[in-house]
file my_file-v1.txt (compact mmCIF, C-alpha atoms)
# COMPACT_ATOMS: atom_id res chain seq x y z
CA MET M 128 42.16 -40.05 -15.44
CA THR M 129 38.81 -41.19 -16.76
CA THR M 130 36.73 -43.97 -15.29
CA ARG M 131 36.64 -47.22 -17.23
CA ASN M 132 36.04 -50.89 -16.66
CA ILE M 133 39.18 -52.31 -15.03
CA VAL M 134 39.96 -55.92 -15.83
CA VAL M 135 43.05 -57.71 -14.49
CA LEU M 136 43.89 -61.06 -16.08
CA PRO M 137 46.42 -63.83 -15.44
CA TYR M 138 49.65 -63.52 -17.42
CA ASP M 139 49.17 -64.49 -21.06
CA GLN M 140 52.16 -65.60 -23.16
CA LYS M 141 50.47 -63.96 -26.18
CA TRP M 142 51.36 -60.57 -24.72
CA GLN M 143 54.96 -61.04 -25.83
CA GLN M 144 53.83 -61.66 -29.42
CA ASN M 145 51.43 -58.68 -29.15
CA PHE M 146 54.42 -56.54 -28.19
CA LEU M 147 56.47 -57.87 -31.12
CA ASP M 148 53.63 -57.12 -33.56
CA ILE M 149 53.49 -53.51 -32.35
CA LYS M 150 57.28 -53.24 -32.28
CA ASN M 151 57.52 -54.38 -35.92
CA GLU M 152 55.30 -51.48 -37.04
CA LEU M 153 57.27 -49.05 -34.90
CA VAL M 154 60.64 -50.23 -36.23
CA ALA M 155 59.48 -49.76 -39.82
CA ALA M 156 58.29 -46.20 -39.07
CA LEU M 157 61.42 -45.21 -37.14
CA GLU M 158 63.90 -46.23 -39.85
CA ILE M 159 65.50 -43.18 -41.49
CA SER M 160 67.60 -44.88 -44.11
CA PRO M 161 70.17 -47.65 -44.33
CA GLU M 162 72.94 -45.03 -44.32
CA HIS M 163 71.73 -43.16 -41.22
CA GLY M 164 70.31 -46.00 -39.15
CA ALA M 165 67.20 -45.87 -37.03
CA LEU M 166 65.78 -43.17 -34.79
CA ALA M 167 65.01 -45.67 -32.04
CA LEU M 168 67.91 -46.89 -29.93
CA ALA M 169 65.60 -49.49 -28.38
CA ILE M 170 61.92 -50.38 -28.16
CA GLU M 171 61.21 -51.77 -24.71
CA HIS M 172 58.26 -53.84 -23.51
CA VAL M 173 57.59 -52.45 -20.04
CA GLY M 174 54.70 -52.58 -17.59
CA SER M 175 52.94 -55.60 -16.16
CA THR M 176 52.42 -57.44 -19.45
CA SER M 177 56.21 -57.65 -19.82
CA VAL M 178 56.65 -59.74 -16.66
CA PRO M 179 55.99 -63.48 -16.96
CA GLY M 180 53.55 -64.67 -14.30
CA LEU M 181 52.28 -61.20 -13.38
CA PHE M 182 48.55 -60.51 -13.51
CA ALA M 183 47.85 -57.41 -15.60
CA LYS M 184 45.38 -55.25 -17.42
CA PRO M 185 45.80 -56.62 -20.97
CA ILE M 186 47.33 -53.42 -22.34
CA ILE M 187 50.89 -53.46 -23.69
CA ASP M 188 53.15 -50.66 -22.39
CA ILE M 189 55.99 -49.66 -24.71
CA ASP M 190 58.87 -47.22 -24.30
CA ILE M 191 60.67 -46.10 -27.45
CA VAL M 192 64.19 -44.97 -26.51
CA VAL M 193 65.80 -42.23 -28.60
CA LYS M 194 68.66 -39.76 -28.36
CA ALA M 195 67.42 -36.46 -26.89
CA CYS M 196 68.20 -34.71 -30.18
CA ASP M 197 65.90 -37.16 -32.04
CA VAL M 198 62.70 -36.67 -30.00
CA GLU M 199 61.06 -34.29 -32.50
CA ALA M 200 61.99 -36.44 -35.50
CA ALA M 201 60.55 -39.51 -33.76
CA ILE M 202 57.32 -37.65 -32.93
CA GLN M 203 56.96 -36.79 -36.62
CA ALA M 204 57.72 -40.36 -37.72
CA LEU M 205 55.10 -41.74 -35.32
CA ALA M 206 52.54 -39.20 -36.58
CA GLY M 207 53.07 -40.68 -40.04
CA ILE M 208 51.70 -44.05 -38.89
CA GLY M 209 48.71 -42.82 -36.89
CA TYR M 210 50.15 -41.91 -33.47
CA ASN M 211 49.02 -38.60 -31.97
CA HIS M 212 51.48 -36.83 -29.68
CA GLU M 213 49.76 -35.99 -26.37
CA GLY M 214 52.69 -34.30 -24.61
CA ASN M 215 54.24 -35.56 -21.40
CA LEU M 216 50.92 -35.79 -19.49
CA GLY M 217 52.64 -34.37 -16.43
CA ILE M 218 55.60 -36.76 -16.41
CA THR M 219 58.89 -35.16 -17.40
CA GLY M 220 61.14 -37.27 -19.61
CA ARG M 221 58.35 -39.14 -21.32
CA GLU M 222 56.19 -38.22 -24.31
CA ALA M 223 52.84 -40.02 -24.58
CA PHE M 224 50.91 -41.00 -27.69
CA GLY M 225 47.35 -41.89 -28.55
CA TYR M 226 46.54 -43.61 -31.82
CA SER M 227 43.93 -44.43 -34.40
CA GLY M 228 43.76 -47.10 -37.08
CA LYS M 229 45.46 -49.75 -34.95
CA GLU M 230 42.54 -52.17 -34.56
CA HIS M 231 44.80 -54.99 -35.81
CA LEU M 232 47.05 -54.55 -32.75
CA ARG M 233 46.44 -55.20 -29.06
CA GLN M 234 45.56 -52.09 -27.09
CA HIS M 235 48.75 -50.38 -25.99
CA HIS M 236 50.26 -47.34 -24.33
CA LEU M 237 53.13 -45.82 -26.26
CA TYR M 238 55.78 -43.55 -24.78
CA LEU M 239 58.85 -41.90 -26.27
CA CYS M 240 61.77 -41.42 -23.88
CA PRO M 241 65.19 -39.84 -24.31
CA GLU M 242 67.86 -42.36 -23.36
CA ASP M 243 68.71 -40.46 -20.15
CA SER M 244 65.08 -40.20 -19.00
CA PRO M 245 64.55 -40.95 -15.29
CA GLU M 246 61.08 -42.31 -16.16
CA LEU M 247 62.59 -44.77 -18.64
CA LYS M 248 65.08 -45.90 -16.00
CA ARG M 249 62.23 -46.39 -13.50
CA HIS M 250 60.21 -48.45 -15.99
CA LEU M 251 63.16 -50.70 -16.81
CA ALA M 252 64.23 -51.12 -13.18
CA PHE M 253 60.69 -52.02 -12.11
CA ARG M 254 60.29 -54.55 -14.94
CA ASP M 255 63.71 -56.11 -14.39
CA TYR M 256 63.20 -56.37 -10.62
CA LEU M 257 59.87 -58.15 -11.05
CA ARG M 258 61.32 -60.52 -13.63
CA THR M 259 63.80 -61.77 -11.03
CA HIS M 260 61.66 -61.68 -7.86
CA PRO M 261 58.78 -64.19 -7.99
CA LEU M 262 57.52 -63.32 -4.51
CA ALA M 263 57.15 -59.67 -5.54
CA VAL M 264 55.24 -60.83 -8.64
CA GLU M 265 52.91 -62.84 -6.42
CA GLU M 266 52.32 -59.95 -4.03
CA TYR M 267 51.82 -57.41 -6.81
CA SER M 268 49.43 -59.76 -8.68
CA HIS M 269 47.37 -60.20 -5.53
CA ILE M 270 47.08 -56.45 -4.89
CA LYS M 271 46.18 -55.77 -8.53
CA LEU M 272 43.37 -58.33 -8.42
CA GLU M 273 42.11 -56.88 -5.16
CA ALA M 274 42.28 -53.33 -6.52
CA ALA M 275 40.31 -54.32 -9.64
CA ARG M 276 37.68 -56.01 -7.47
CA LEU M 277 37.36 -52.99 -5.16
CA PHE M 278 37.55 -50.31 -7.87
CA PRO M 279 36.17 -51.88 -11.08
CA HIS M 280 35.17 -48.50 -12.56
CA ASP M 281 37.57 -46.12 -10.80
CA ILE M 282 41.05 -45.98 -12.34
CA ASP M 283 42.27 -43.49 -9.74
CA GLY M 284 41.09 -45.73 -6.89
CA TYR M 285 42.72 -48.72 -8.58
CA ILE M 286 46.03 -46.88 -8.95
CA ASN M 287 45.96 -45.48 -5.40
CA TYR M 288 45.24 -48.91 -3.93
CA LYS M 289 48.30 -50.38 -5.69
CA SER M 290 50.60 -47.49 -4.82
CA PRO M 291 51.92 -48.81 -1.47
CA VAL M 292 53.10 -52.06 -3.08
CA ILE M 293 54.66 -50.17 -6.00
CA GLU M 294 56.51 -47.89 -3.59
CA LYS M 295 57.66 -50.93 -1.60
CA ILE M 296 59.10 -52.45 -4.78
CA TYR M 297 60.92 -49.20 -5.65
CA LYS M 298 62.43 -49.19 -2.14
CA GLU M 299 63.63 -52.76 -2.67
CA ILE M 300 65.16 -51.74 -6.01
CA GLU M 301 67.05 -48.92 -4.26
CA LYS M 302 68.27 -51.30 -1.54
CA GLU M 303 69.61 -53.70 -4.17
CA LYS M 304 71.34 -50.86 -6.03
CA LYS M 305 73.06 -49.77 -2.80
CA LEU M 306 74.14 -53.34 -2.06
CA GLU M 307 75.53 -53.72 -5.61
CA THR M 308 77.41 -50.42 -5.29
CA TYR M 309 78.81 -51.44 -1.91
CA ALA M 310 79.79 -54.91 -3.15
CA SER M 311 81.61 -53.49 -6.20
CA ARG M 312 83.92 -51.35 -4.04
call {"tool": "encode", "arguments": {"input": "my_file-v1.txt", "output": "structure tokens"}}
result
Amino acid sequence: MTTRNIVVLPYDQKWQQNFLDIKNELVAALEISPEHGALALAIEHVGSTSVPGLFAKPIIDIDIVVKACDVEAAIQALAGIGYNHEGNLGITGREAFGYSGKEHLRQHHLYLCPEDSPELKRHLAFRDYLRTHPLAVEEYSHIKLEAARLFPHDIDGYINYKSPVIEKIYKEIEKEKKLETYASR
């Protein structure tokens, strides 16, 4: 990853509207026709900006969910509105996109995921866990601020510094899943 200036800000309610603005453009591009429906099964706001109260880099993360058979058609549809397919960038089950001509929208990361993608499931589980665990939001916000202070121009250092807390959250998610499975028996 390249070095850049890392800024972490308090949660901003505008991020939800920023997501909706981007989503509206995506929905329009991913419509096939009224008879055939849309390519996208869902367009999900994921990442830190999707969690009320969580400090974040002010970049909107979006996962477009499609049927596996529709990935290529969705890539072509996104190309038609200025998104450049960048491949999976080393993460199976997720296609990444760059873009141009989107100055009217908040900076964002756009991913296309088949509905059975493990990466999609991880994104949604992480978001949903944080939305219901305020102490985890507080801890993760603190570590993100500290990471940005320690590594203001080193994205790899920033990410590595946060990793232990992220892994801790994923372990908590797994514990809750096991408890839910056990309780449903």
call {"tool": "closest_residue", "arguments": {"input": "my_file-v1.txt", "among": "M:Leu166, M:Ala275, M:Val292, M:Ile300", "to": "Val193 in chain M", "atoms": "all atoms listed in the file"}}
result
M:Leu166
call {"tool": "closest_residue", "arguments": {"input": "my_file-v1.txt", "among": "M:Leu181, M:Ile293, M:Glu213, M:His236", "to": "Leu262 in chain M", "atoms": "only C-alpha atoms"}}
result
M:Leu181
call {"tool": "residues_around", "arguments": {"input": "my_file-v1.txt", "residues": "Ala200 in chain M", "least_positions_apart": "3", "cutoff": "12 Å", "atoms": "all atoms listed in the file", "output": "PyMOL selection string"}}
result
chain M and resi 156-159+165-167+193-197+203-207+239
call {"tool": "closest_residue", "arguments": {"input": "my_file-v1.txt", "among": "M:Asp243, M:Asp255, M:Asp283, M:Asp148", "to": "Val173 in chain M", "atoms": "all atoms listed in the file"}}
result
M:Asp255
call {"tool": "closest_residue", "arguments": {"input": "my_file-v1.txt", "among": "M:Leu251, M:Ala223, M:Val192, M:Val135", "to": "Ala169 in chain M", "atoms": "only C-alpha atoms"}}
result
M:Val192
call {"tool": "decode", "arguments": {"input": "my_file-v1.txt", "residues": "range 210-258 of chain M", "atoms": "N, CA and C atoms", "output": "mmCIF file, in the first residue's frame"}}
result
data_model
loop_
_atom_site.group_PDB
_atom_site.id
_atom_site.type_symbol
_atom_site.label_atom_id
_atom_site.label_comp_id
_atom_site.auth_asym_id
_atom_site.auth_seq_id
_atom_site.Cartn_x
_atom_site.Cartn_y
_atom_site.Cartn_z
ATOM 1 N N TYR M 210 -16.062 3.496 -13.202
ATOM 2 C CA TYR M 210 -15.335 2.653 -12.251
ATOM 3 C C TYR M 210 -14.400 1.718 -13.014
ATOM 4 N N ASN M 211 -13.157 1.654 -12.572
ATOM 5 C CA ASN M 211 -12.138 0.824 -13.206
ATOM 6 C C ASN M 211 -11.903 -0.429 -12.367
ATOM 7 N N HIS M 212 -12.107 -1.573 -12.958
ATOM 8 C CA HIS M 212 -11.906 -2.839 -12.258
ATOM 9 C C HIS M 212 -10.419 -3.040 -11.989
ATOM 10 N N GLU M 213 -10.062 -3.286 -10.733
ATOM 11 C CA GLU M 213 -8.662 -3.460 -10.331
ATOM 12 C C GLU M 213 -8.340 -4.889 -9.922
ATOM 13 N N GLY M 214 -9.275 -5.817 -10.117
ATOM 14 C CA GLY M 214 -9.062 -7.196 -9.697
ATOM 15 C C GLY M 214 -9.370 -7.366 -8.225
ATOM 16 N N ASN M 215 -8.926 -8.488 -7.664
ATOM 17 C CA ASN M 215 -9.265 -8.752 -6.260
ATOM 18 C C ASN M 215 -8.235 -8.195 -5.277
ATOM 19 N N LEU M 216 -7.136 -7.648 -5.776
ATOM 20 C CA LEU M 216 -6.082 -7.066 -4.936
ATOM 21 C C LEU M 216 -5.641 -8.027 -3.833
ATOM 22 N N GLY M 217 -5.614 -9.306 -4.183
ATOM 23 C CA GLY M 217 -5.133 -10.311 -3.244
ATOM 24 C C GLY M 217 -6.159 -10.852 -2.268
ATOM 25 N N ILE M 218 -7.400 -10.423 -2.381
ATOM 26 C CA ILE M 218 -8.451 -10.904 -1.472
ATOM 27 C C ILE M 218 -9.510 -11.626 -2.299
ATOM 28 N N THR M 219 -9.530 -12.943 -2.171
ATOM 29 C CA THR M 219 -10.481 -13.766 -2.911
ATOM 30 C C THR M 219 -11.906 -13.439 -2.484
ATOM 31 N N GLY M 220 -12.811 -13.408 -3.461
ATOM 32 C CA GLY M 220 -14.219 -13.168 -3.145
ATOM 33 C C GLY M 220 -14.584 -11.709 -3.072
ATOM 34 N N ARG M 221 -13.715 -10.870 -3.634
ATOM 35 C CA ARG M 221 -13.988 -9.435 -3.612
ATOM 36 C C ARG M 221 -13.273 -8.805 -4.804
ATOM 37 N N GLU M 222 -13.990 -8.065 -5.603
ATOM 38 C CA GLU M 222 -13.404 -7.340 -6.729
ATOM 39 C C GLU M 222 -13.374 -5.858 -6.372
ATOM 40 N N ALA M 223 -12.212 -5.233 -6.539
ATOM 41 C CA ALA M 223 -12.036 -3.826 -6.165
ATOM 42 C C ALA M 223 -12.131 -2.920 -7.389
ATOM 43 N N PHE M 224 -12.500 -1.664 -7.133
ATOM 44 C CA PHE M 224 -12.647 -0.682 -8.200
ATOM 45 C C PHE M 224 -12.026 0.648 -7.804
ATOM 46 N N GLY M 225 -11.335 1.259 -8.764
ATOM 47 C CA GLY M 225 -10.950 2.656 -8.667
ATOM 48 C C GLY M 225 -11.983 3.438 -9.470
ATOM 49 N N TYR M 226 -11.836 4.751 -9.511
ATOM 50 C CA TYR M 226 -12.810 5.533 -10.264
ATOM 51 C C TYR M 226 -12.225 6.872 -10.687
ATOM 52 N N SER M 227 -12.904 7.472 -11.632
ATOM 53 C CA SER M 227 -12.592 8.836 -12.043
ATOM 54 C C SER M 227 -13.917 9.538 -12.308
ATOM 55 N N GLY M 228 -13.885 10.857 -12.265
ATOM 56 C CA GLY M 228 -15.101 11.626 -12.532
ATOM 57 C C GLY M 228 -16.127 11.569 -11.423
ATOM 58 N N LYS M 229 -15.693 11.355 -10.203
ATOM 59 C CA LYS M 229 -16.635 11.251 -9.076
ATOM 60 C C LYS M 229 -16.377 12.345 -8.036
ATOM 61 N N GLU M 230 -15.902 13.496 -8.489
ATOM 62 C CA GLU M 230 -15.573 14.585 -7.572
ATOM 63 C C GLU M 230 -16.784 15.063 -6.771
ATOM 64 N N HIS M 231 -17.988 14.824 -7.285
ATOM 65 C CA HIS M 231 -19.223 15.233 -6.609
ATOM 66 C C HIS M 231 -19.594 14.292 -5.454
ATOM 67 N N LEU M 232 -18.859 13.192 -5.319
ATOM 68 C CA LEU M 232 -19.140 12.216 -4.263
ATOM 69 C C LEU M 232 -17.995 12.188 -3.256
ATOM 70 N N ARG M 233 -18.307 11.782 -2.025
ATOM 71 C CA ARG M 233 -17.260 11.593 -1.019
ATOM 72 C C ARG M 233 -16.334 10.487 -1.505
ATOM 73 N N GLN M 234 -15.068 10.590 -1.134
ATOM 74 C CA GLN M 234 -14.111 9.539 -1.464
ATOM 75 C C GLN M 234 -14.633 8.214 -0.936
ATOM 76 N N HIS M 235 -14.478 7.157 -1.750
ATOM 77 C CA HIS M 235 -15.007 5.862 -1.336
ATOM 78 C C HIS M 235 -14.186 4.725 -1.919
ATOM 79 N N HIS M 236 -14.324 3.583 -1.263
ATOM 80 C CA HIS M 236 -13.762 2.317 -1.743
ATOM 81 C C HIS M 236 -14.945 1.467 -2.166
ATOM 82 N N LEU M 237 -14.860 0.945 -3.382
ATOM 83 C CA LEU M 237 -15.978 0.169 -3.910
ATOM 84 C C LEU M 237 -15.525 -1.249 -4.194
ATOM 85 N N TYR M 238 -16.317 -2.202 -3.698
ATOM 86 C CA TYR M 238 -16.031 -3.623 -3.887
ATOM 87 C C TYR M 238 -17.280 -4.319 -4.405
ATOM 88 N N LEU M 239 -17.054 -5.326 -5.225
ATOM 89 C CA LEU M 239 -18.118 -6.164 -5.764
ATOM 90 C C LEU M 239 -17.912 -7.560 -5.199
ATOM 91 N N CYS M 240 -18.943 -8.113 -4.569
ATOM 92 C CA CYS M 240 -18.821 -9.407 -3.902
ATOM 93 C C CYS M 240 -19.950 -10.339 -4.315
ATOM 94 N N PRO M 241 -19.613 -11.564 -4.699
ATOM 95 C CA PRO M 241 -20.679 -12.556 -4.870
ATOM 96 C C PRO M 241 -21.370 -12.769 -3.529
ATOM 97 N N GLU M 242 -22.634 -13.129 -3.569
ATOM 98 C CA GLU M 242 -23.414 -13.236 -2.332
ATOM 99 C C GLU M 242 -22.869 -14.258 -1.337
ATOM 100 N N ASP M 243 -22.091 -15.230 -1.795
ATOM 101 C CA ASP M 243 -21.526 -16.234 -0.887
ATOM 102 C C ASP M 243 -20.076 -15.924 -0.502
ATOM 103 N N SER M 244 -19.612 -14.730 -0.764
ATOM 104 C CA SER M 244 -18.235 -14.336 -0.499
ATOM 105 C C SER M 244 -17.913 -14.316 0.999
ATOM 106 N N PRO M 245 -16.859 -15.027 1.426
ATOM 107 C CA PRO M 245 -16.447 -14.954 2.828
ATOM 108 C C PRO M 245 -16.052 -13.533 3.236
ATOM 109 N N GLU M 246 -15.462 -12.784 2.317
ATOM 110 C CA GLU M 246 -15.065 -11.400 2.637
ATOM 111 C C GLU M 246 -16.284 -10.528 2.899
ATOM 112 N N LEU M 247 -17.328 -10.696 2.105
ATOM 113 C CA LEU M 247 -18.575 -9.973 2.343
ATOM 114 C C LEU M 247 -19.122 -10.321 3.723
ATOM 115 N N LYS M 248 -19.148 -11.599 4.042
ATOM 116 C CA LYS M 248 -19.671 -12.028 5.343
ATOM 117 C C LYS M 248 -18.855 -11.436 6.486
ATOM 118 N N ARG M 249 -17.534 -11.355 6.304
ATOM 119 C CA ARG M 249 -16.669 -10.741 7.331
ATOM 120 C C ARG M 249 -17.000 -9.257 7.497
ATOM 121 N N HIS M 250 -17.139 -8.545 6.378
ATOM 122 C CA HIS M 250 -17.457 -7.114 6.444
ATOM 123 C C HIS M 250 -18.764 -6.877 7.192
ATOM 124 N N LEU M 251 -19.788 -7.648 6.840
ATOM 125 C CA LEU M 251 -21.103 -7.459 7.462
ATOM 126 C C LEU M 251 -21.083 -7.840 8.937
ATOM 127 N N ALA M 252 -20.413 -8.931 9.274
ATOM 128 C CA ALA M 252 -20.338 -9.362 10.674
ATOM 129 C C ALA M 252 -19.607 -8.325 11.520
ATOM 130 N N PHE M 253 -18.515 -7.792 10.999
ATOM 131 C CA PHE M 253 -17.732 -6.782 11.725
ATOM 132 C C PHE M 253 -18.577 -5.527 11.956
ATOM 133 N N ARG M 254 -19.223 -5.053 10.899
ATOM 134 C CA ARG M 254 -20.082 -3.864 11.006
ATOM 135 C C ARG M 254 -21.206 -4.099 12.015
ATOM 136 N N ASP M 255 -21.902 -5.213 11.869
ATOM 137 C CA ASP M 255 -23.056 -5.483 12.723
ATOM 138 C C ASP M 255 -22.647 -5.659 14.185
ATOM 139 N N TYR M 256 -21.504 -6.280 14.423
ATOM 140 C CA TYR M 256 -21.016 -6.440 15.789
ATOM 141 C C TYR M 256 -20.757 -5.063 16.410
ATOM 142 N N LEU M 257 -20.043 -4.217 15.679
ATOM 143 C CA LEU M 257 -19.727 -2.894 16.224
ATOM 144 C C LEU M 257 -20.983 -2.064 16.460
ATOM 145 N N ARG M 258 -21.957 -2.208 15.614
ATOM 146 C CA ARG M 258 -23.205 -1.441 15.781
ATOM 147 C C ARG M 258 -23.944 -1.807 17.060
#
